[in-house]
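Notes follow once the structure below has been shown.
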Amino acid sequence: MSESLLIAEGTKAEKYETLLVQIEGVVSGESDEIANMANVSSMIHETFGFWWTGFYRVLDGELVLGPFQGPLACTRIKKGRGVCGTAWQEAKTQVVPDVELFPGHIACSSASKSEIVVPLIKGGEVVAVLDIDSAELDTFDEEDKVNLEKVASMLVKAWR
Ligand code: SME
């Protein structure tokens with residue numbers, strides 16, 4: 001992979017534009033979802049410098065920690081619990097400007113201030129969630145939601 005693969009400069013729109021092309025290239029030729037989640041967590045994390053970027057998979061009725069970038073995280077989350085469990089239960093993206101104001105937020109790290117969680121939905125079922133934490137308040141908006149939902153769709157297309 002060349003050093004120019006990920007861009008650290010430009011507007012958020014420009015970064016997402018490049019990122020989406022690169023993610024499509026990486027996941028379209030690979031059917032293993034762990035490999036794809038690993039690369040995607042790295043690509044998002046390196047592009048934006050978030051605090052924590054990773055996945056939880058739905059396994060035996062719980063969310064179980066998958067590939068991620070960043071510090072140690074909680075391994076299992078129940079349906080309806082925290083931001084991740086809510087995204088799973090509602091099958092809807094959760095944008096949280098201030099995690100302290102989200103009822104039941106699970107604090108894996110006190111450094112996390114805002115968060116976005118995007119469900120990966122295959123055949124009407126949530127199969128995983130993409131979770132991103134920022135060390136700053138109010139990091140995520142509609143632009144992140146729209147673009148990260150595109151990332152989720154790309155992953156689902158390649159999902160076995
Ligand atoms: N904050 C999440 C838990 C996962 S960590 O942020 C990595 C939640 O409330 O579901």
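Just remember, in the structure tokens the first chain shown is A, the second B, etc., residues are 1-based per chain, and ligands are 1-based in the order shown.
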
Step by step, measure atom-to-atom distances between ligand 1 and each residue using only C-alpha atoms and all ligand atoms, keep those at most 8 Å, then write them as a list in words.
->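 Listed by chain and ascending number, the contacts are Trp52, Thr53, Gly54, Leu72, Ala73, Cys74, Ile77, Arg81, Gly82, Val83, Cys84, Gly85, Thr86, Val99, Gly104, His105, Ile106, Ala107, Cys108, Ser109, Ser112, Glu115, Asp131, Ile132 and Asp133 of chain A.
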
Could you write out, as a VMD selection string, all the residues of region 48-141 of chain A that DSSP marks as strand (DSSP E)?
-> chain A and resid 52 to 59 62 to 69 76 to 77 94 to 96 114 to 122 125 to 134

Tell me, as a PyMOL selection string, which residues lie within 12 Å of region 36-44 of chain A, counting only C-alpha atoms; anything in the same chain fewer than 4 positions away does not count.
-> chain A and resi 1+5-8+12+15-32+48-57+65-70+120+128-133+144+147-148+151-152+154-160

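Considering only region 27-86 of chain A, backbone DSSP assigns helix (DSSP H, G or I) to Val27, Ser28, Glu33, Ile34, Ala35, Asn36, Met37, Ala38, Asn39, Val40, Ser41, Ser42, Met43, Ile44, His45, Glu46, Thr47, Phe48, Gly82, Val83, Cys84, Gly85 and Thr86 of chain A.
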
Save the residues we just selected, N, CA, C and O atoms, as a PDB file, in the first residue's frame?
```pdb
ATOM      1  N   VAL A  27     -12.676  -3.680  -0.191  1.00  0.00           N
ATOM      2  CA  VAL A  27     -13.637  -4.712   0.214  1.00  0.00           C
ATOM      3  C   VAL A  27     -14.264  -5.472  -0.956  1.00  0.00           C
ATOM      4  O   VAL A  27     -14.713  -6.599  -0.776  1.00  0.00           O
ATOM      5  N   SER A  28     -14.277  -4.869  -2.149  1.00  0.00           N
ATOM      6  CA  SER A  28     -14.994  -5.526  -3.254  1.00  0.00           C
ATOM      7  C   SER A  28     -14.315  -6.831  -3.683  1.00  0.00           C
ATOM      8  O   SER A  28     -14.972  -7.728  -4.185  1.00  0.00           O
ATOM      9  N   GLU A  33     -15.301 -11.180   6.123  1.00  0.00           N
ATOM     10  CA  GLU A  33     -15.749  -9.948   6.783  1.00  0.00           C
ATOM     11  C   GLU A  33     -14.787  -9.464   7.874  1.00  0.00           C
ATOM     12  O   GLU A  33     -14.710  -8.266   8.132  1.00  0.00           O
ATOM     13  N   ILE A  34     -14.058 -10.360   8.490  1.00  0.00           N
ATOM     14  CA  ILE A  34     -13.101  -9.935   9.518  1.00  0.00           C
ATOM     15  C   ILE A  34     -11.970  -9.141   8.850  1.00  0.00           C
ATOM     16  O   ILE A  34     -11.568  -8.067   9.326  1.00  0.00           O
ATOM     17  N   ALA A  35     -11.481  -9.663   7.742  1.00  0.00           N
ATOM     18  CA  ALA A  35     -10.427  -8.957   6.998  1.00  0.00           C
ATOM     19  C   ALA A  35     -10.921  -7.575   6.567  1.00  0.00           C
ATOM     20  O   ALA A  35     -10.215  -6.570   6.710  1.00  0.00           O
ATOM     21  N   ASN A  36     -12.160  -7.531   6.076  1.00  0.00           N
ATOM     22  CA  ASN A  36     -12.700  -6.247   5.615  1.00  0.00           C
ATOM     23  C   ASN A  36     -12.915  -5.270   6.767  1.00  0.00           C
ATOM     24  O   ASN A  36     -12.584  -4.084   6.665  1.00  0.00           O
ATOM     25  N   MET A  37     -13.451  -5.753   7.884  1.00  0.00           N
ATOM     26  CA  MET A  37     -13.664  -4.857   9.039  1.00  0.00           C
ATOM     27  C   MET A  37     -12.319  -4.351   9.572  1.00  0.00           C
ATOM     28  O   MET A  37     -12.207  -3.197   9.988  1.00  0.00           O
ATOM     29  N   ALA A  38     -11.309  -5.218   9.537  1.00  0.00           N
ATOM     30  CA  ALA A  38      -9.980  -4.817  10.018  1.00  0.00           C
ATOM     31  C   ALA A  38      -9.433  -3.680   9.155  1.00  0.00           C
ATOM     32  O   ALA A  38      -9.001  -2.637   9.668  1.00  0.00           O
ATOM     33  N   ASN A  39      -9.475  -3.851   7.844  1.00  0.00           N
ATOM     34  CA  ASN A  39      -8.962  -2.796   6.961  1.00  0.00           C
ATOM     35  C   ASN A  39      -9.796  -1.522   7.043  1.00  0.00           C
ATOM     36  O   ASN A  39      -9.257  -0.415   7.053  1.00  0.00           O
ATOM     37  N   VAL A  40     -11.110  -1.676   7.113  1.00  0.00           N
ATOM     38  CA  VAL A  40     -11.973  -0.483   7.146  1.00  0.00           C
ATOM     39  C   VAL A  40     -11.773   0.298   8.449  1.00  0.00           C
ATOM     40  O   VAL A  40     -11.710   1.531   8.442  1.00  0.00           O
ATOM     41  N   SER A  41     -11.634  -0.410   9.567  1.00  0.00           N
ATOM     42  CA  SER A  41     -11.417   0.327  10.826  1.00  0.00           C
ATOM     43  C   SER A  41     -10.102   1.102  10.739  1.00  0.00           C
ATOM     44  O   SER A  41     -10.016   2.255  11.162  1.00  0.00           O
ATOM     45  N   SER A  42      -9.086   0.487  10.155  1.00  0.00           N
ATOM     46  CA  SER A  42      -7.800   1.169  10.007  1.00  0.00           C
ATOM     47  C   SER A  42      -7.913   2.387   9.091  1.00  0.00           C
ATOM     48  O   SER A  42      -7.419   3.473   9.408  1.00  0.00           O
ATOM     49  N   MET A  43      -8.596   2.209   7.961  1.00  0.00           N
ATOM     50  CA  MET A  43      -8.674   3.309   6.976  1.00  0.00           C
ATOM     51  C   MET A  43      -9.424   4.514   7.537  1.00  0.00           C
ATOM     52  O   MET A  43      -9.005   5.659   7.361  1.00  0.00           O
ATOM     53  N   ILE A  44     -10.545   4.264   8.230  1.00  0.00           N
ATOM     54  CA  ILE A  44     -11.303   5.387   8.817  1.00  0.00           C
ATOM     55  C   ILE A  44     -10.455   6.057   9.902  1.00  0.00           C
ATOM     56  O   ILE A  44     -10.340   7.291   9.955  1.00  0.00           O
ATOM     57  N   HIS A  45      -9.863   5.228  10.746  1.00  0.00           N
ATOM     58  CA  HIS A  45      -9.092   5.735  11.883  1.00  0.00           C
ATOM     59  C   HIS A  45      -7.911   6.601  11.426  1.00  0.00           C
ATOM     60  O   HIS A  45      -7.677   7.686  11.949  1.00  0.00           O
ATOM     61  N   GLU A  46      -7.187   6.105  10.431  1.00  0.00           N
ATOM     62  CA  GLU A  46      -6.008   6.831   9.931  1.00  0.00           C
ATOM     63  C   GLU A  46      -6.404   8.117   9.221  1.00  0.00           C
ATOM     64  O   GLU A  46      -5.692   9.114   9.278  1.00  0.00           O
ATOM     65  N   THR A  47      -7.530   8.096   8.538  1.00  0.00           N
ATOM     66  CA  THR A  47      -7.967   9.282   7.792  1.00  0.00           C
ATOM     67  C   THR A  47      -8.360  10.417   8.729  1.00  0.00           C
ATOM     68  O   THR A  47      -8.016  11.571   8.496  1.00  0.00           O
ATOM     69  N   PHE A  48      -9.100  10.080   9.794  1.00  0.00           N
ATOM     70  CA  PHE A  48      -9.659  11.143  10.632  1.00  0.00           C
ATOM     71  C   PHE A  48      -8.984  11.306  11.991  1.00  0.00           C
ATOM     72  O   PHE A  48      -9.221  12.293  12.672  1.00  0.00           O
ATOM     73  N   GLY A  82     -26.415   0.832  25.945  1.00  0.00           N
ATOM     74  CA  GLY A  82     -25.436   1.774  25.412  1.00  0.00           C
ATOM     75  C   GLY A  82     -25.801   2.247  24.007  1.00  0.00           C
ATOM     76  O   GLY A  82     -26.906   1.979  23.518  1.00  0.00           O
ATOM     77  N   VAL A  83     -24.872   2.942  23.405  1.00  0.00           N
ATOM     78  CA  VAL A  83     -25.122   3.493  22.066  1.00  0.00           C
ATOM     79  C   VAL A  83     -25.132   2.351  21.047  1.00  0.00           C
ATOM     80  O   VAL A  83     -25.981   2.299  20.150  1.00  0.00           O
ATOM     81  N   CYS A  84     -24.206   1.403  21.216  1.00  0.00           N
ATOM     82  CA  CYS A  84     -24.109   0.284  20.271  1.00  0.00           C
ATOM     83  C   CYS A  84     -25.343  -0.607  20.326  1.00  0.00           C
ATOM     84  O   CYS A  84     -25.930  -0.951  19.295  1.00  0.00           O
ATOM     85  N   GLY A  85     -25.746  -0.948  21.549  1.00  0.00           N
ATOM     86  CA  GLY A  85     -26.914  -1.818  21.718  1.00  0.00           C
ATOM     87  C   GLY A  85     -28.195  -1.148  21.242  1.00  0.00           C
ATOM     88  O   GLY A  85     -29.142  -1.820  20.807  1.00  0.00           O
ATOM     89  N   THR A  86     -28.250   0.176  21.338  1.00  0.00           N
ATOM     90  CA  THR A  86     -29.416   0.927  20.851  1.00  0.00           C
ATOM     91  C   THR A  86     -29.443   0.931  19.327  1.00  0.00           C
ATOM     92  O   THR A  86     -30.498   0.738  18.704  1.00  0.00           O
TER      93      THR A  86
END
```
